[in-house]
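structure.csv (CSV, C-alpha atoms) appears below.
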```
chain,number,residue,atom,x,y,z
A,28,MET,CA,-7.1,-2.2,21.6
A,29,ASN,CA,-10.1,-3.9,23.1
A,30,PRO,CA,-9.2,-7.6,23.3
A,31,LYS,CA,-12.9,-8.5,23.7
A,32,THR,CA,-14.0,-7.3,20.3
A,33,ASN,CA,-13.7,-9.4,17.1
A,34,ASP,CA,-14.5,-6.4,14.9
A,35,PRO,CA,-11.5,-5.8,12.7
A,36,LEU,CA,-12.2,-2.1,12.3
A,37,GLN,CA,-12.5,-1.5,16.1
A,38,ARG,CA,-9.2,-3.3,16.6
A,39,ALA,CA,-7.5,-1.4,13.8
A,40,LEU,CA,-8.4,2.2,14.9
A,41,PRO,CA,-6.4,2.1,18.2
A,42,LEU,CA,-3.4,0.8,16.2
A,43,LEU,CA,-3.7,3.8,13.9
A,44,ASP,CA,-3.8,6.1,17.0
A,45,LEU,CA,-0.7,4.4,18.4
A,46,HIS,CA,1.2,4.9,15.2
A,47,HIS,CA,0.2,8.5,14.9
A,48,ASP,CA,1.0,9.3,18.6
A,49,SER,CA,4.4,7.6,18.5
A,50,PHE,CA,5.4,9.3,15.3
A,51,TYR,CA,4.4,12.8,16.2
A,52,SER,CA,5.8,12.5,19.7
A,53,ALA,CA,9.2,11.9,18.2
A,54,VAL,CA,9.0,14.8,15.8
A,55,PRO,CA,10.4,17.5,18.2
A,56,PHE,CA,13.3,15.3,19.1
A,57,ALA,CA,14.1,14.5,15.5
A,58,GLU,CA,13.9,18.2,14.4
A,59,ASP,CA,16.0,19.3,17.4
A,60,THR,CA,18.8,16.9,16.5
A,61,GLY,CA,18.6,17.1,12.8
A,62,HIS,CA,17.4,13.6,12.0
A,63,PRO,CA,14.5,12.1,10.1
A,64,VAL,CA,11.5,11.1,12.3
A,65,PRO,CA,12.0,7.4,13.1
A,66,CYS,CA,9.2,5.4,11.6
A,67,ASP,CA,8.8,1.7,10.6
A,68,THR,CA,6.1,2.2,8.0
A,69,ARG,CA,6.5,-1.3,6.7
A,70,GLY,CA,6.0,-2.9,10.1
A,71,TRP,CA,3.0,-0.7,11.1
A,72,SER,CA,1.3,-1.4,7.8
A,73,GLN,CA,1.8,-5.2,8.0
A,74,ILE,CA,0.3,-5.3,11.5
A,75,LEU,CA,-2.6,-3.1,10.3
A,76,VAL,CA,-3.4,-5.5,7.4
A,77,SER,CA,-3.2,-8.5,9.7
A,78,ILE,CA,-5.8,-6.9,12.0
A,79,LEU,CA,-8.1,-6.0,9.1
A,80,THR,CA,-7.9,-9.4,7.5
A,81,GLY,CA,-7.1,-11.9,10.2
A,82,LEU,CA,-4.0,-13.1,8.1
A,83,ARG,CA,-1.0,-13.5,10.4
A,84,GLY,CA,2.5,-12.5,9.6
A,85,ARG,CA,5.4,-14.9,9.1
A,86,GLU,CA,7.1,-13.8,12.3
A,87,ARG,CA,10.9,-14.4,11.7
A,88,GLU,CA,10.5,-16.4,8.5
A,89,LYS,CA,11.6,-15.0,5.1
A,90,GLY,CA,9.3,-14.8,2.2
A,91,PRO,CA,5.9,-13.1,1.7
A,92,ASP,CA,4.7,-10.7,4.4
A,93,LEU,CA,1.6,-12.8,5.3
A,94,ILE,CA,1.3,-16.5,6.1
A,95,ASP,CA,-0.9,-17.2,3.0
A,96,GLY,CA,1.6,-15.7,0.6
A,97,SER,CA,0.1,-12.2,0.4
A,98,ASP,CA,2.3,-9.1,0.4
A,99,VAL,CA,2.0,-5.6,1.9
A,100,LYS,CA,3.4,-2.5,0.3
A,101,ALA,CA,3.6,0.8,2.3
A,102,ALA,CA,4.4,4.5,1.8
A,103,ASN,CA,4.3,7.3,4.3
A,104,THR,CA,4.3,11.1,3.5
A,105,TRP,CA,4.4,12.3,7.1
A,106,LYS,CA,7.4,14.5,7.3
A,107,ALA,CA,8.8,12.7,4.3
A,108,ILE,CA,12.0,14.0,2.7
A,109,ASP,CA,11.7,12.2,-0.6
A,110,THR,CA,8.7,11.2,-2.7
A,111,PRO,CA,7.2,8.0,-1.2
A,112,ARG,CA,6.2,5.2,-3.6
A,113,PHE,CA,5.2,1.6,-3.5
A,114,ASN,CA,8.4,-0.3,-4.4
A,115,GLY,CA,9.0,-3.8,-5.5
A,116,VAL,CA,5.4,-4.5,-6.2
A,117,ILE,CA,5.9,-7.6,-8.2
A,118,LYS,CA,8.7,-10.1,-8.4
A,119,ALA,CA,11.7,-9.3,-10.6
A,120,GLY,CA,15.4,-9.6,-10.4
A,121,THR,CA,15.5,-12.3,-7.7
A,122,LYS,CA,16.5,-16.0,-7.8
A,123,ALA,CA,12.9,-17.1,-7.1
A,124,GLU,CA,11.5,-19.6,-9.5
A,125,HIS,CA,8.8,-17.3,-10.9
A,126,SER,CA,10.7,-14.0,-10.6
A,127,GLY,CA,10.2,-11.9,-13.7
A,128,LYS,CA,7.2,-13.9,-14.8
A,129,LEU,CA,3.4,-13.3,-14.6
A,130,GLU,CA,3.1,-16.7,-12.8
A,131,SER,CA,4.5,-15.0,-9.7
A,132,LEU,CA,1.0,-13.5,-9.2
A,133,ASP,CA,-0.6,-16.9,-9.1
A,134,ARG,CA,1.0,-17.5,-5.7
A,135,MET,CA,-0.2,-14.2,-4.1
A,136,PRO,CA,-3.8,-14.2,-2.9
A,137,TYR,CA,-3.7,-10.6,-1.9
A,138,LEU,CA,-1.6,-7.5,-2.4
A,139,PHE,CA,-2.2,-4.7,0.0
A,140,PHE,CA,-1.2,-1.0,-0.4
A,141,VAL,CA,-1.1,1.1,2.7
A,142,LEU,CA,-0.6,4.9,2.4
A,143,TRP,CA,-0.1,7.3,5.3
A,144,ASP,CA,-0.7,10.9,4.2
A,145,HIS,CA,-3.0,13.9,4.9
A,146,SER,CA,-6.4,14.7,3.5
A,147,PRO,CA,-6.3,17.7,1.2
A,148,SER,CA,-9.7,18.9,2.4
A,149,THR,CA,-9.6,18.4,6.2
A,150,LYS,CA,-5.7,18.5,6.5
A,151,ARG,CA,-6.0,15.6,9.0
A,152,ALA,CA,-3.6,12.7,9.1
A,153,ARG,CA,-5.0,9.9,7.1
A,154,CYS,CA,-4.4,6.2,6.4
A,155,ARG,CA,-5.8,4.3,3.4
A,156,VAL,CA,-5.6,0.7,2.5
A,157,TRP,CA,-6.2,-0.7,-1.0
A,158,CYS,CA,-6.6,-4.4,-1.7
A,159,VAL,CA,-5.8,-6.3,-4.9
A,160,ARG,CA,-6.5,-9.9,-5.7
A,161,PRO,CA,-3.6,-10.6,-8.1
A,162,GLN,CA,-4.8,-14.1,-9.0
A,163,LYS,CA,-8.1,-12.8,-10.3
A,164,ASP,CA,-7.8,-9.1,-11.0
A,165,ARG,CA,-7.8,-8.8,-14.8
A,166,ALA,CA,-6.8,-5.2,-15.1
A,167,PHE,CA,-4.0,-5.5,-12.6
A,168,ARG,CA,-2.6,-8.6,-14.4
A,169,ARG,CA,-2.7,-6.8,-17.8
A,170,MET,CA,-0.6,-4.0,-16.3
A,171,CYS,CA,1.9,-6.4,-14.8
A,172,LYS,CA,2.1,-8.4,-18.1
A,173,ASN,CA,2.8,-5.1,-19.9
A,174,TRP,CA,5.6,-4.3,-17.5
A,175,TYR,CA,7.1,-7.8,-17.8
A,176,ASP,CA,6.9,-7.6,-21.6
A,177,LYS,CA,8.7,-4.3,-21.6
A,178,ARG,CA,11.5,-5.8,-19.4
A,179,ASP,CA,11.8,-8.7,-21.8
A,180,THR,CA,12.3,-6.3,-24.8
A,181,GLY,CA,14.7,-4.1,-22.9
A,182,GLU,CA,12.4,-1.0,-22.9
A,183,ILE,CA,12.5,-1.2,-19.1
A,184,ILE,CA,15.7,-2.3,-17.5
A,185,SER,CA,14.8,-1.8,-13.8
A,186,THR,CA,13.8,-4.7,-11.6
A,187,ASN,CA,11.9,-2.3,-9.3
A,188,PHE,CA,8.2,-2.2,-10.3
A,189,GLN,CA,7.0,1.0,-8.7
A,190,LEU,CA,3.5,2.3,-8.3
A,191,HIS,CA,2.8,6.0,-7.6
A,192,PRO,CA,0.1,6.4,-4.9
A,193,PRO,CA,-2.4,9.4,-4.7
A,194,ARG,CA,-0.4,11.3,-2.1
A,195,GLY,CA,-2.5,14.0,-0.6
A,196,LYS,CA,-5.3,13.4,-3.1
A,197,ASP,CA,-8.9,12.2,-2.7
A,198,SER,CA,-8.5,9.6,-5.3
A,199,ASN,CA,-8.1,5.8,-5.6
A,200,GLU,CA,-5.9,6.1,-8.8
A,201,ILE,CA,-2.5,4.6,-8.4
A,202,ARG,CA,-0.2,5.2,-11.4
A,203,ASN,CA,2.4,3.4,-13.3
A,204,GLU,CA,3.8,4.0,-16.8
A,205,CYS,CA,2.2,0.7,-17.9
A,206,SER,CA,-1.3,1.6,-16.6
A,207,ASN,CA,-3.2,4.0,-14.3
A,208,LEU,CA,-5.8,2.1,-12.4
A,209,LEU,CA,-8.5,2.7,-9.8
A,210,TYR,CA,-7.8,0.4,-6.9
A,211,PRO,CA,-10.4,-1.2,-4.5
A,212,LEU,CA,-10.4,0.8,-1.3
A,213,LEU,CA,-10.6,-1.4,1.9
A,214,LEU,CA,-10.1,1.4,4.5
A,215,CYS,CA,-9.9,5.1,4.8
A,216,ALA,CA,-9.5,6.6,8.3
A,217,GLU,CA,-8.6,10.1,9.4
A,218,HIS,CA,-7.3,11.4,12.7
A,219,ASP,CA,-9.4,14.0,14.5
A,220,ARG,CA,-8.9,15.5,17.9
A,221,ASP,CA,-10.0,12.3,19.6
A,222,GLY,CA,-8.1,9.9,17.4
A,223,PHE,CA,-8.7,8.0,14.2
A,224,ILE,CA,-12.2,7.6,12.8
A,225,ALA,CA,-13.3,5.5,9.9
A,226,ILE,CA,-14.3,7.5,6.8
A,227,GLU,CA,-14.9,4.4,4.7
A,228,TYR,CA,-14.6,0.7,5.4
A,229,ARG,CA,-15.4,-1.9,2.7
A,230,PRO,CA,-14.4,-5.4,3.7
A,231,GLU,CA,-16.3,-6.8,0.7
A,232,VAL,CA,-13.4,-5.9,-1.5
A,233,LEU,CA,-11.5,-8.8,0.0
A,234,LYS,CA,-13.9,-11.1,-1.9
A,235,GLY,CA,-15.0,-9.2,-4.9
A,236,GLY,CA,-12.8,-6.1,-5.4
A,237,GLU,CA,-11.2,-5.5,-8.8
A,238,CYS,CA,-9.1,-2.7,-10.3
A,239,LYS,CA,-10.6,-0.5,-13.1
A,240,PRO,CA,-8.9,1.5,-15.8
A,241,SER,CA,-8.7,5.2,-14.9
A,242,THR,CA,-10.7,7.5,-17.1
A,243,LYS,CA,-8.0,10.2,-16.3
A,244,ALA,CA,-5.2,8.0,-17.7
A,245,LEU,CA,-4.7,10.2,-20.7
A,246,ASN,CA,-4.6,13.4,-18.7
A,247,VAL,CA,-2.0,12.7,-16.1
A,248,PRO,CA,1.7,13.9,-16.4
A,249,PRO,CA,4.1,11.3,-17.7
A,250,ILE,CA,5.9,9.2,-15.1
A,251,ARG,CA,9.6,8.8,-15.3
A,252,LYS,CA,10.9,5.5,-16.7
A,253,GLN,CA,11.8,2.9,-14.2
```
As structure tokens, the full file:
Amino acid sequence: MNPKTNDPLQRALPLLDLHHDSFYSAVPFAEDTGHPVPCDTRGWSQILVSILTGLRGREREKGPDLIDGSDVKAANTWKAIDTPRFNGVIKAGTKAEHSGKLESLDRMPYLFFVLWDHSPSTKRARCRVWCVRPQKDRAFRRMCKNWYDKRDTGEIISTNFQLHPPRGKDSNEIRNECSNLLYPLLLCAEHDRDGFIAIEYRPEVLKGGECKPSTKALNVPPIRKQ
């Protein structure tokens, strides 16, 4: 990382390289000993979002991932054994005052989704970051309200609100049984022979991004009930 630059993207790309190099350097050792590849996807993703946004983490304090009350959800398909998803997206099943209520979104300026996968066309390792503004995003709030309503009626009994990312797909559609939405893409970067390069970077979504209903919503396979 170049400490002299204030450009978030130029600070983020070396972090992506570091994550990629450390992960794949460990692969031979993990495979030789019969273990999963060690990877703190959550930690790498939180640091990445802090670099891109300037929002610091809470260090050792409990609570939201970022100092302003925002959260980061992460999923990694690299050498994954199971099917990675974004888990615990909204509050439910805890003792927090607004747990299980739509009002929980009013305290969350941003919700970031970080997916580490591979591009289907280039086969290169890839990192994508989507950004939601839960306080203002109408489509996202409608989906969350639908899920909360189904929990209240007993149609959904789980407290784990999952979102299914576009793993290995060139798409911004993230799916859930309550709504399939197109999410605002903040960053897409791919790893070539010299390291990560930015394919798309749209910092403007931090101020004006909004989810949109997917036109493919009626054509996707059903998602198992949560």
Closest contacts (range 127-223 of chain A/range 91-103 of chain A, max 8 Å, only C-alpha atoms) as CSV:
```
residue,atom,partner,partner_atom,distance
A:Arg134,CA,A:Gly96,CA,6.6
A:Met135,CA,A:Ser97,CA,4.9
A:Pro136,CA,A:Ser97,CA,5.5
A:Tyr137,CA,A:Ser97,CA,4.7
A:Leu138,CA,A:Asp98,CA,5.1
A:Phe139,CA,A:Val99,CA,4.7
A:Phe140,CA,A:Lys100,CA,4.9
A:Val141,CA,A:Ala101,CA,4.7
A:Leu142,CA,A:Ala102,CA,5.1
A:Trp143,CA,A:Asn103,CA,4.5
A:Asp144,CA,A:Asn103,CA,6.2
```
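Between CA of Asp34 in chain A and CA of Pro192 in chain A the interatomic distance comes to 27.7 Å.
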Long-range neighbours of Cys215 in chain A as a PyMOL selection string, 10 Å cut-off, all atoms listed in the file, 3 positions minimum in chain: chain A and resi 141-142+153-157+212+223-229
The residues within 12 Å of (-10.6, 0.0, -16.3), using only C-alpha atoms and the coordinates of the file, should be reported as a ChimeraX atom specification; which are they? /A:164-170,200,206-211,237-244
Which of these residues is nearest to Ala216 in chain A, using all atoms listed in the file: A:Asp197, A:Leu43, A:Gln37, A:Phe50? A:Leu43
Could you list, with a cut-off of 12 Å and counting all atoms listed in the file, the residues of range 157-246 of chain A near range 71-84 of chain A, each shown with its nearest atom pair and the distance in Å rounded to one decimal, rows sorted by chain and ascending number, as a tab-separated table?
```
residue	atom	partner	partner_atom	distance
A:Trp157	CA	A:Val76	CA	10.1
A:Cys158	CA	A:Val76	CA	9.7
A:Leu213	CA	A:Leu79	CA	8.9
A:Leu214	CA	A:Leu79	CA	8.9
A:Tyr228	CA	A:Leu79	CA	10.0
A:Arg229	CA	A:Leu79	CA	10.5
A:Pro230	CA	A:Leu79	CA	8.3
A:Glu231	CA	A:Thr80	CA	11.1
A:Val232	CA	A:Thr80	CA	11.1
A:Leu233	CA	A:Thr80	CA	8.3
A:Lys234	CA	A:Thr80	CA	11.3
```
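CA of Gly235 in chain A sits 28.2 Å away from CA of His218 in chain A.
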Coordinates-based distance that separates CA of Arg112 in chain A from CA of Glu130 in chain A (Å, one decimal):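 Result for CA of Glu130 in chain A versus CA of Arg112 in chain A: 24.0 Å, one decimal.
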Write out as a PyMOL selection string which residues come within 12 Å of Arg178 in chain A when counting all atoms listed in the file, dropping same-chain ones fewer than 2 positions away. chain A and resi 119-120+127-128+171-176+180-188+205+252-253
Given the selection you just returned, output its residues as a file containing C-alpha atoms, formatted as a PDB file, in the coordinates of the input.
```pdb
ATOM      1  CA  ALA A 119      11.700  -9.300 -10.600  1.00  0.00           C
ATOM      2  CA  GLY A 120      15.400  -9.600 -10.400  1.00  0.00           C
ATOM      3  CA  GLY A 127      10.200 -11.900 -13.700  1.00  0.00           C
ATOM      4  CA  LYS A 128       7.200 -13.900 -14.800  1.00  0.00           C
ATOM      5  CA  CYS A 171       1.900  -6.400 -14.800  1.00  0.00           C
ATOM      6  CA  LYS A 172       2.100  -8.400 -18.100  1.00  0.00           C
ATOM      7  CA  ASN A 173       2.800  -5.100 -19.900  1.00  0.00           C
ATOM      8  CA  TRP A 174       5.600  -4.300 -17.500  1.00  0.00           C
ATOM      9  CA  TYR A 175       7.100  -7.800 -17.800  1.00  0.00           C
ATOM     10  CA  ASP A 176       6.900  -7.600 -21.600  1.00  0.00           C
ATOM     11  CA  THR A 180      12.300  -6.300 -24.800  1.00  0.00           C
ATOM     12  CA  GLY A 181      14.700  -4.100 -22.900  1.00  0.00           C
ATOM     13  CA  GLU A 182      12.400  -1.000 -22.900  1.00  0.00           C
ATOM     14  CA  ILE A 183      12.500  -1.200 -19.100  1.00  0.00           C
ATOM     15  CA  ILE A 184      15.700  -2.300 -17.500  1.00  0.00           C
ATOM     16  CA  SER A 185      14.800  -1.800 -13.800  1.00  0.00           C
ATOM     17  CA  THR A 186      13.800  -4.700 -11.600  1.00  0.00           C
ATOM     18  CA  ASN A 187      11.900  -2.300  -9.300  1.00  0.00           C
ATOM     19  CA  PHE A 188       8.200  -2.200 -10.300  1.00  0.00           C
ATOM     20  CA  CYS A 205       2.200   0.700 -17.900  1.00  0.00           C
ATOM     21  CA  LYS A 252      10.900   5.500 -16.700  1.00  0.00           C
ATOM     22  CA  GLN A 253      11.800   2.900 -14.200  1.00  0.00           C
TER      23      GLN A 253
END
```
Name the closest residue to Thr149 in chain A among the candidates A:Lys89, A:Glu217, A:Gln189, A:Ser198; distances are taken between atoms, counting all atoms listed in the file.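 That would be A:Glu217, the residue with the smallest distance to Thr149 in chain A.
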Distance criterion (all atoms listed in the file): nearest to Asp133 in chain A out of A:Gly236, A:Lys163, A:Ile201, A:Glu86: A:Lys163
Nearest residue to Ala53 in chain A out of A:Lys106, A:Asn203, A:Arg85, A:Lys177, using all atoms listed in the file?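 Smallest separation from Ala53 in chain A among the options: A:Lys106.
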Looking at all atoms listed in the file, which of A:Val159, A:Ala152, A:Cys66, A:Thr110 is the one that sits closest to Asp44 in chain A?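 Counting all atoms listed in the file, the residue closest to Asp44 in chain A is A:Ala152.
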